[in-house]
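Trainee: Handing over structure_17.csv, CSV, C-alpha atoms.
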chain,number,residue,atom,x,y,z
A,1,MET,CA,79.4,-36.1,71.9
A,2,ASN,CA,77.0,-34.3,74.2
A,3,GLN,CA,74.0,-35.9,76.1
A,4,TYR,CA,71.5,-34.6,73.5
A,5,GLU,CA,73.4,-36.1,70.6
A,6,ILE,CA,73.4,-39.4,72.6
A,7,LEU,CA,69.7,-39.1,73.1
A,8,LEU,CA,69.0,-38.5,69.4
A,9,ILE,CA,71.2,-41.5,68.4
A,10,SER,CA,69.5,-43.6,71.1
A,11,ILE,CA,66.1,-42.8,69.6
A,12,GLY,CA,67.2,-44.0,66.2
A,13,LEU,CA,68.7,-47.2,67.7
A,14,ALA,CA,65.5,-47.8,69.7
A,15,ILE,CA,63.4,-47.6,66.5
A,16,ILE,CA,65.7,-50.1,64.8
A,17,ILE,CA,65.6,-52.5,67.7
A,18,ALA,CA,61.8,-52.2,67.8
A,19,GLY,CA,61.8,-53.0,64.1
A,20,ILE,CA,63.9,-56.1,64.7
A,21,VAL,CA,61.6,-57.3,67.6
A,22,MET,CA,58.5,-56.7,65.4
A,23,ALA,CA,60.1,-58.8,62.6
A,24,PHE,CA,60.8,-61.6,65.1
A,25,ILE,CA,57.2,-61.7,66.4
A,26,ARG,CA,55.8,-61.1,62.9
A,27,VAL,CA,54.1,-57.8,63.6
A,28,ARG,CA,53.2,-55.8,60.5
A,29,GLY,CA,55.2,-52.6,60.2
A,30,TRP,CA,58.6,-54.0,61.0
A,31,LEU,CA,60.0,-53.0,57.6
A,32,ALA,CA,58.7,-49.4,58.2
A,33,ALA,CA,60.3,-49.3,61.7
A,34,LEU,CA,63.6,-50.5,60.3
A,35,SER,CA,63.5,-47.9,57.5
A,36,VAL,CA,62.5,-45.0,59.8
A,37,GLY,CA,65.3,-46.0,62.3
A,38,GLY,CA,67.8,-46.4,59.4
A,39,LEU,CA,66.9,-43.0,57.9
A,40,TRP,CA,67.0,-41.4,61.4
A,41,LEU,CA,70.6,-42.7,61.9
A,42,PHE,CA,71.4,-41.7,58.3
A,43,GLY,CA,70.5,-38.1,59.4
A,44,MET,CA,72.7,-38.5,62.5
A,45,ALA,CA,75.6,-39.7,60.3
A,46,LEU,CA,75.2,-36.7,58.1
A,47,TYR,CA,75.2,-34.5,61.2
A,48,ALA,CA,78.4,-36.2,62.5
A,49,ILE,CA,80.2,-35.7,59.1
A,50,TYR,CA,79.2,-32.0,58.9
A,51,LYS,CA,80.1,-31.4,62.6
A,52,TYR,CA,83.5,-32.9,62.4
A,53,SER,CA,84.2,-31.3,59.0
A,54,GLY,CA,83.6,-27.9,60.6
A,55,PHE,CA,80.6,-27.1,58.4
A,56,TYR,CA,78.4,-25.8,61.2
A,57,SER,CA,78.5,-22.3,62.3
A,58,PRO,CA,79.0,-21.7,66.1
A,59,THR,CA,75.8,-19.6,66.1
A,60,GLY,CA,73.8,-22.2,64.3
A,61,GLY,CA,73.1,-23.1,60.7
A,62,LEU,CA,75.9,-23.5,58.2
A,63,ALA,CA,79.3,-21.8,58.3
A,64,GLN,CA,78.9,-19.4,55.3
A,65,SER,CA,82.6,-19.0,54.8
A,66,THR,CA,83.0,-22.8,54.0
A,67,ILE,CA,81.9,-24.9,51.1
A,68,ALA,CA,79.0,-26.2,53.3
A,69,PRO,CA,76.2,-24.0,51.8
A,70,ALA,CA,77.1,-25.1,48.3
A,71,MET,CA,77.6,-28.7,49.3
A,72,THR,CA,74.2,-28.8,51.1
A,73,THR,CA,72.5,-27.3,48.0
A,74,ILE,CA,74.1,-30.0,45.8
A,75,LEU,CA,73.3,-32.8,48.3
A,76,GLY,CA,69.8,-31.5,48.5
A,77,PHE,CA,69.3,-31.7,44.8
A,78,LEU,CA,70.9,-35.2,44.7
A,79,LEU,CA,68.6,-36.4,47.5
A,80,PHE,CA,65.6,-34.9,45.6
A,81,LEU,CA,66.7,-36.8,42.5
A,82,VAL,CA,66.9,-40.0,44.5
A,83,GLY,CA,63.3,-39.3,45.6
A,84,VAL,CA,62.2,-38.8,42.0
A,85,GLY,CA,64.0,-42.0,41.1
A,86,ILE,CA,62.1,-44.0,43.8
A,87,PHE,CA,58.8,-42.4,42.7
A,88,VAL,CA,59.3,-43.4,39.1
A,89,TYR,CA,60.3,-46.9,40.1
A,90,VAL,CA,57.3,-47.4,42.4
A,91,TYR,CA,55.0,-45.7,39.8
A,92,ARG,CA,56.1,-48.1,37.1
A,93,ARG,CA,56.2,-51.3,39.1
A,94,ILE,CA,53.0,-51.1,41.0
A,95,ARG,CA,50.0,-53.0,39.7
A,96,ARG,CA,46.5,-52.3,40.9
B,1,MET,CA,24.4,-39.0,36.9
B,2,VAL,CA,27.4,-37.0,38.3
B,3,SER,CA,26.5,-33.7,39.7
B,4,ARG,CA,28.8,-30.9,38.8
B,5,PRO,CA,29.4,-27.9,41.2
B,6,GLY,CA,27.7,-24.8,40.0
B,7,THR,CA,29.4,-21.6,38.8
B,8,ALA,CA,28.5,-19.8,42.1
B,9,LEU,CA,30.4,-22.5,44.2
B,10,TRP,CA,33.4,-22.3,41.9
B,11,SER,CA,33.4,-18.5,42.2
B,12,ILE,CA,33.3,-18.7,46.0
B,13,GLY,CA,36.2,-21.3,46.0
B,14,ILE,CA,38.3,-19.1,43.7
B,15,VAL,CA,37.6,-15.9,45.6
B,16,ILE,CA,38.6,-17.6,48.9
B,17,ALA,CA,41.8,-18.9,47.2
B,18,VAL,CA,42.7,-15.5,45.8
B,19,LEU,CA,42.0,-13.8,49.1
B,20,PHE,CA,44.3,-16.2,51.0
B,21,ILE,CA,47.0,-15.8,48.4
B,22,ALA,CA,46.7,-12.0,48.3
B,23,LEU,CA,46.8,-11.9,52.1
B,24,PHE,CA,50.1,-13.8,52.2
B,25,VAL,CA,51.6,-11.9,49.3
B,26,PHE,CA,50.8,-8.7,51.2
B,27,ILE,CA,52.4,-10.2,54.4
B,28,ALA,CA,55.5,-11.1,52.3
B,29,TYR,CA,55.7,-7.5,51.0
B,30,ASP,CA,55.2,-6.3,54.6
B,31,ILE,CA,58.1,-8.5,55.9
B,32,VAL,CA,60.5,-7.5,53.0
B,33,SER,CA,59.7,-3.8,53.4
B,34,LYS,CA,60.3,-3.9,57.2
B,35,GLY,CA,63.3,-6.3,57.2
B,36,ILE,CA,63.8,-9.8,58.5
B,37,SER,CA,65.9,-9.0,61.6
B,38,PRO,CA,64.6,-9.7,65.2
B,39,ASP,CA,64.0,-5.9,65.8
B,40,ALA,CA,62.0,-5.6,62.6
B,41,ALA,CA,60.0,-8.8,63.4
B,42,SER,CA,58.0,-7.0,66.1
B,43,LYS,CA,56.7,-4.6,63.4
B,44,TRP,CA,55.5,-7.3,61.0
B,45,LEU,CA,51.8,-7.5,60.4
B,46,ILE,CA,51.8,-11.3,61.0
B,47,THR,CA,53.5,-10.8,64.4
B,48,GLN,CA,50.8,-8.5,65.8
B,49,PRO,CA,48.4,-11.2,66.9
B,50,PHE,CA,51.3,-12.9,68.8
B,51,ILE,CA,52.0,-9.6,70.6
B,52,VAL,CA,48.4,-9.0,71.4
B,53,LEU,CA,47.8,-12.6,72.7
B,54,GLY,CA,51.0,-12.7,74.7
B,55,ARG,CA,53.4,-15.5,75.5
B,56,ASP,CA,51.4,-17.1,78.4
B,57,PHE,CA,48.3,-17.5,76.3
B,58,LEU,CA,50.2,-18.8,73.3
B,59,PHE,CA,52.1,-21.2,75.5
B,60,ALA,CA,48.8,-22.6,76.9
B,61,VAL,CA,47.3,-23.0,73.5
B,62,GLY,CA,50.6,-24.4,72.1
B,63,GLY,CA,50.6,-26.9,75.0
B,64,VAL,CA,47.2,-28.2,74.1
B,65,LEU,CA,48.1,-28.5,70.4
B,66,TRP,CA,51.3,-30.2,71.4
B,67,VAL,CA,49.5,-32.8,73.5
B,68,ILE,CA,46.9,-33.4,70.8
B,69,GLY,CA,49.5,-33.5,68.0
B,70,THR,CA,51.7,-35.9,69.9
B,71,ILE,CA,48.8,-38.3,70.7
B,72,VAL,CA,47.7,-38.1,67.0
B,73,PHE,CA,51.3,-39.0,65.9
B,74,PHE,CA,51.5,-42.1,68.1
B,75,LEU,CA,48.0,-43.2,67.3
B,76,GLU,CA,48.6,-43.0,63.6
B,77,ILE,CA,51.9,-44.8,63.6
B,78,SER,CA,50.4,-47.5,65.9
B,79,GLY,CA,47.7,-48.3,63.3
B,80,ARG,CA,44.8,-46.4,64.8
B,81,THR,CA,43.1,-43.2,63.6
B,82,VAL,CA,40.4,-40.8,64.7
B,83,LEU,CA,37.1,-41.0,62.8
B,84,GLY,CA,34.4,-38.7,64.0
B,85,PHE,CA,34.9,-38.8,67.7
B,86,ARG,CA,36.0,-42.4,67.8
B,87,ILE,CA,39.4,-44.0,67.7
B,88,ILE,CA,39.3,-46.9,65.3
B,89,ARG,CA,41.8,-49.4,63.8
B,90,GLN,CA,43.2,-48.5,60.4
B,91,GLU,CA,45.1,-51.3,58.7
B,92,LEU,CA,48.0,-50.0,56.8
B,93,ARG,CA,49.8,-52.6,54.7
B,94,TRP,CA,53.3,-51.4,55.5
B,95,ASP,CA,54.4,-53.5,52.5
B,96,ALA,CA,57.3,-52.6,50.2
B,97,VAL,CA,55.1,-50.0,48.4
B,98,ASP,CA,54.2,-48.2,51.7
B,99,VAL,CA,57.8,-48.2,52.8
B,100,SER,CA,59.0,-47.0,49.4
B,101,ILE,CA,56.4,-44.2,49.6
B,102,THR,CA,57.8,-43.2,53.1
B,103,ALA,CA,61.4,-43.2,51.7
B,104,LEU,CA,60.6,-41.3,48.5
B,105,CYS,CA,58.7,-38.6,50.5
B,106,ALA,CA,61.6,-38.4,52.9
B,107,ALA,CA,64.1,-38.0,50.0
B,108,LEU,CA,61.9,-35.5,48.1
B,109,TYR,CA,61.0,-33.4,51.1
B,110,GLY,CA,64.5,-33.5,52.7
B,111,GLY,CA,66.2,-32.8,49.4
B,112,ALA,CA,63.9,-29.9,48.6
B,113,LEU,CA,64.4,-28.4,52.1
B,114,ALA,CA,68.2,-28.9,52.0
B,115,ALA,CA,68.5,-27.3,48.6
B,116,THR,CA,67.7,-23.9,50.1
B,117,GLY,CA,69.4,-24.6,53.5
B,118,GLY,CA,72.1,-22.1,52.9
B,119,ILE,CA,69.7,-19.2,53.2
B,120,PRO,CA,69.1,-18.8,57.0
B,121,ILE,CA,66.4,-16.6,58.5
B,122,ILE,CA,67.0,-17.4,62.2
B,123,PRO,CA,70.5,-19.0,62.3
B,124,GLY,CA,70.2,-22.4,64.0
B,125,PHE,CA,66.4,-22.5,63.9
B,126,THR,CA,64.9,-21.9,60.5
B,127,TRP,CA,65.6,-21.0,56.9
B,128,VAL,CA,63.8,-20.1,53.6
B,129,ARG,CA,61.9,-23.3,52.9
B,130,PRO,CA,60.0,-23.5,49.6
B,131,GLY,CA,60.1,-27.3,49.9
B,132,ASN,CA,57.4,-26.9,52.5
B,133,ALA,CA,54.9,-27.0,49.6
B,134,LEU,CA,55.4,-30.7,49.5
B,135,ALA,CA,54.4,-31.5,53.1
B,136,PRO,CA,50.6,-31.2,52.9
B,137,LEU,CA,50.7,-32.7,49.4
B,138,PHE,CA,52.3,-35.9,50.6
B,139,GLY,CA,49.8,-36.3,53.4
B,140,ILE,CA,46.9,-35.7,51.1
B,141,LEU,CA,48.1,-38.2,48.5
B,142,PHE,CA,49.8,-40.9,50.5
B,143,GLY,CA,48.3,-40.6,54.0
B,144,VAL,CA,50.3,-41.9,57.0
B,145,PRO,CA,53.3,-43.2,55.0
B,146,GLY,CA,53.6,-39.8,53.3
B,147,ALA,CA,53.3,-37.9,56.6
B,148,LEU,CA,56.0,-40.1,58.1
B,149,GLY,CA,58.2,-39.5,55.1
B,150,VAL,CA,57.7,-35.7,55.6
B,151,ALA,CA,58.8,-36.1,59.3
B,152,ILE,CA,62.0,-38.0,58.4
B,153,GLY,CA,62.7,-35.6,55.5
B,154,ASN,CA,62.6,-32.7,57.9
B,155,PHE,CA,65.0,-34.5,60.3
B,156,ILE,CA,67.5,-35.2,57.5
B,157,ALA,CA,67.2,-31.6,56.2
B,158,ASP,CA,67.9,-30.4,59.8
B,159,ALA,CA,71.2,-32.4,59.7
B,160,LEU,CA,72.2,-31.1,56.3
B,161,THR,CA,71.5,-27.5,57.2
B,162,GLY,CA,73.0,-27.2,60.7
B,163,TYR,CA,69.7,-27.1,62.6
B,164,LEU,CA,69.7,-30.6,64.1
B,165,SER,CA,69.3,-30.4,67.9
B,166,ILE,CA,67.0,-31.7,70.6
B,167,GLY,CA,64.5,-29.2,69.0
B,168,SER,CA,64.4,-31.4,65.9
B,169,ILE,CA,62.2,-33.9,67.9
B,170,GLY,CA,59.5,-31.2,67.9
B,171,GLY,CA,60.2,-30.5,64.2
B,172,PHE,CA,59.8,-34.2,63.4
B,173,ILE,CA,56.3,-34.5,64.9
B,174,GLY,CA,55.4,-31.0,63.9
B,175,ASN,CA,56.1,-31.7,60.2
B,176,PHE,CA,54.1,-34.9,60.5
B,177,ILE,CA,51.2,-32.7,61.6
B,178,ILE,CA,51.5,-30.4,58.6
B,179,ALA,CA,50.9,-33.5,56.4
B,180,TRP,CA,48.4,-35.1,58.7
B,181,VAL,CA,46.0,-32.1,59.0
B,182,PRO,CA,44.9,-32.0,55.4
B,183,TYR,CA,45.1,-35.8,55.0
B,184,LYS,CA,42.7,-36.4,57.9
B,185,LEU,CA,40.5,-33.3,57.9
B,186,MET,CA,39.8,-32.7,54.2
B,187,LYS,CA,36.9,-34.7,52.8
B,188,ASP,CA,37.7,-34.2,49.1
B,189,HIS,CA,41.4,-34.5,48.2
B,190,SER,CA,41.0,-34.1,44.5
B,191,PHE,CA,41.8,-30.4,44.1
B,192,ARG,CA,39.2,-30.6,41.4
B,193,THR,CA,36.1,-29.2,43.1
B,194,PRO,CA,35.4,-25.9,44.9
B,195,ARG,CA,34.9,-27.9,48.1
B,196,SER,CA,38.3,-29.5,47.8
B,197,LEU,CA,39.9,-26.1,47.2
B,198,ILE,CA,38.2,-24.4,50.1
B,199,GLU,CA,38.9,-27.4,52.4
B,200,TYR,CA,42.6,-27.3,51.4
B,201,TYR,CA,43.0,-23.6,52.0
B,202,ILE,CA,41.5,-23.8,55.4
B,203,TRP,CA,43.0,-27.1,56.7
B,204,GLY,CA,46.2,-27.6,54.6
B,205,GLY,CA,47.1,-23.9,54.2
B,206,ILE,CA,46.1,-22.1,57.3
B,207,ILE,CA,45.3,-24.5,60.2
B,208,GLY,CA,48.2,-26.8,59.4
B,209,SER,CA,50.7,-23.9,59.3
B,210,ILE,CA,49.4,-22.4,62.6
B,211,TRP,CA,49.4,-25.8,64.3
B,212,VAL,CA,53.0,-26.6,63.3
B,213,SER,CA,54.2,-23.2,64.3
B,214,LEU,CA,52.6,-23.4,67.8
B,215,TYR,CA,53.7,-27.0,68.2
B,216,ILE,CA,57.4,-26.4,67.5
B,217,SER,CA,57.4,-23.0,69.3
B,218,TRP,CA,55.9,-24.6,72.5
B,219,TRP,CA,58.6,-27.3,72.3
B,220,LEU,CA,61.3,-24.6,71.9
B,221,ASP,CA,59.8,-22.6,74.8
B,222,LEU,CA,59.7,-25.6,77.1
B,223,LEU,CA,63.3,-26.4,76.3
B,224,GLU,CA,64.5,-22.8,76.3
B,225,PRO,CA,67.2,-23.4,78.9
B,226,VAL,CA,68.6,-26.3,76.8
B,227,ILE,CA,68.1,-25.0,73.3
B,228,GLY,CA,68.8,-21.4,73.9
B,229,LEU,CA,66.4,-19.4,71.7
B,230,PRO,CA,65.1,-16.7,74.0
B,231,ARG,CA,61.3,-16.8,74.6
B,232,PRO,CA,60.6,-13.3,73.1
B,233,LEU,CA,62.2,-14.4,69.9
B,234,ILE,CA,60.3,-17.8,69.9
B,235,TRP,CA,56.9,-16.1,70.0
B,236,GLY,CA,57.8,-12.8,68.4
B,237,TRP,CA,60.0,-14.0,65.5
B,238,PHE,CA,60.2,-17.7,65.0
B,239,ALA,CA,56.5,-18.6,65.4
B,240,PRO,CA,55.1,-15.9,63.0
B,241,TRP,CA,57.9,-16.6,60.5
B,242,VAL,CA,57.1,-20.4,60.5
B,243,ILE,CA,53.4,-19.6,59.7
B,244,PHE,CA,54.4,-17.2,56.9
B,245,ASN,CA,57.2,-19.6,55.5
B,246,ASN,CA,54.6,-22.4,55.3
B,247,CYS,CA,51.6,-20.5,54.1
B,248,ILE,CA,53.3,-18.6,51.3
B,249,VAL,CA,54.2,-21.8,49.5
B,250,THR,CA,51.4,-24.1,50.6
B,251,LEU,CA,48.8,-21.6,49.5
B,252,THR,CA,50.3,-21.1,46.0
B,253,ILE,CA,52.4,-24.1,44.8
B,254,THR,CA,50.7,-27.0,46.6
B,255,PRO,CA,47.2,-26.8,44.9
B,256,ILE,CA,48.9,-26.7,41.5
B,257,LEU,CA,51.0,-29.8,42.3
B,258,GLY,CA,48.0,-31.5,43.8
B,259,TYR,CA,45.9,-30.8,40.7
B,260,ILE,CA,48.6,-32.3,38.5
B,261,LEU,CA,49.5,-35.3,40.7
B,262,TYR,CA,46.2,-36.4,42.2
B,263,GLN,CA,44.8,-38.2,39.1
B,264,PRO,CA,47.9,-40.2,38.1
B,265,ILE,CA,48.5,-41.2,41.7
B,266,LYS,CA,44.9,-42.3,42.1
B,267,MET,CA,44.9,-44.2,38.8
B,268,ARG,CA,48.0,-46.2,39.8
B,269,GLY,CA,46.4,-47.2,43.2
B,270,LEU,CA,48.9,-45.2,45.2
B,271,TYR,CA,46.3,-42.9,46.7
B,272,TRP,CA,46.1,-43.7,50.5
B,273,LYS,CA,42.3,-44.3,50.6
B,274,ASP,CA,42.8,-47.2,48.1
B,275,ARG,CA,45.5,-48.8,50.3
B,276,VAL,CA,43.9,-48.9,53.8
B,277,ALA,CA,41.3,-50.9,55.5
B,278,ILE,CA,39.2,-49.3,58.2
B,279,LYS,CA,38.1,-51.6,61.0
B,280,GLY,CA,35.3,-50.3,63.3
Kindly return the structure encoded in the file as structure tokens.
Mentor:
Amino acid sequence: MNQYEILLISIGLAIIIAGIVMAFIRVRGWLAALSVGGLWLFGMALYAIYKYSGFYSPTGGLAQSTIAPAMTTILGFLLFLVGVGIFVYVYRRIRR
Amino acid sequence: MVSRPGTALWSIGIVIAVLFIALFVFIAYDIVSKGISPDAASKWLITQPFIVLGRDFLFAVGGVLWVIGTIVFFLEISGRTVLGFRIIRQELRWDAVDVSITALCAALYGGALAATGGIPIIPGFTWVRPGNALAPLFGILFGVPGALGVAIGNFIADALTGYLSIGSIGGFIGNFIIAWVPYKLMKDHSFRTPRSLIEYYIWGGIIGSIWVSLYISWWLDLLEPVIGLPRPLIWGWFAPWVIFNNCIVTLTITPILGYILYQPIKMRGLYWKDRVAIKG
């Protein structure tokens, strides 16, 4: 792990810690901070999985000779469907 | 009595929309006919202003936009906003609905970007991104929670496509700015009036795309020794491509999506103006 990866992970952890502190002192936005920090670390976890699976090209982007481009397309569609699912859930549940 | 915009105003709105779309369709033709490689980029029509203005000028302007954009980002997430020339408190609820909106925007935007992540333009830095059409839309409809979702979605897409680096911090705030510009600077978000259309094409289409391009390019230029994209490529290839990549979809797809989604979102009380309290 290089120093820039450590920096990016630290940012995610710092946001989560800020969220926990905000929850303790009852500041509005703690749930948002925890979510943002969690999603940031989720991004870093995906990065780690891809990196150690050899899915990244040495010149940047995805290694075209691996299954990475196809897998990313599938994961992208799945993530999009998750978003649609949350939208439908929120849209149906919310009351004015 | 509700006043309806006249035919003349509608005609002006439609002419402006068609002119913007035609310009970027022509730029697309220009790029395809000349090629996407770094050598060809210097011949693109959209690159010419960058060549004329030069790196030093663009770096200075980009620096100013970077400072303003970063201040705006931290102001907005700290519950403050700019109204006129004043900074005021804007009380977001940040309840389960707002957090769900952030999560759904992150998933939709990140997923849409990642779905085309296998088509690189500048390996390691950017790719074909039709998902960009969602960024201004989420800002316009959902405000700060939507813009924050866009920023996170871009970060996740960077991880899924092999573009995650220290440069992604610039991409995080830069994508927030794409959503923030039309959210904050458009007065009419309905996509149902000529004024709304004209405002969208200026703020959401053009200004937002130029701002994010210069914001991220400045960040990449500043960190050039670390990130490694040479400065001539940042200003002569990356920056014009980002403007084109944003504009071609935000000028064509976003207004259609906005027209379809604005009314149901507003009727359900999810539209951001119905969910914030402004405190002078």
Trainee: When you get a sec, could you note down which chain A residues fall within 9 Å of chain B, using only C-alpha atoms, as a ChimeraX atom specification?
Mentor: /A:4-5,7-8,28-32,35-36,39-40,42-48,50-51,55-57,59-64,68-70,72-87,90-92,94-96
Trainee: Ranking B:Gly208, B:Ala179, B:Ala239, B:Gly170 by minimum distance to B:Ile227 and counting all atoms listed in the file, which one comes first?
Mentor: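 Counting all atoms listed in the file, the residue closest to B:Ile227 is B:Gly170.
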Trainee: Identify which of the residues B:Trp218, B:Tyr200, B:Trp235, B:Trp10 lies closest to B:Ile178, counting only C-alpha atoms when measuring atom-to-atom distances.
Mentor: B:Tyr200
Trainee: What is the atom CA of B:Val249-atom CA of B:Leu134 distance in Å, reported with one decimal?
Mentor: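 Atom CA of B:Leu134 lies at a distance of 9.0 Å from atom CA of B:Val249.
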Trainee: So how far away is atom CA of B:Pro136 from atom CA of B:Gly204, in Å?
Mentor: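 About the pair atom CA of B:Gly204 and atom CA of B:Pro136: they are 5.9 Å apart.
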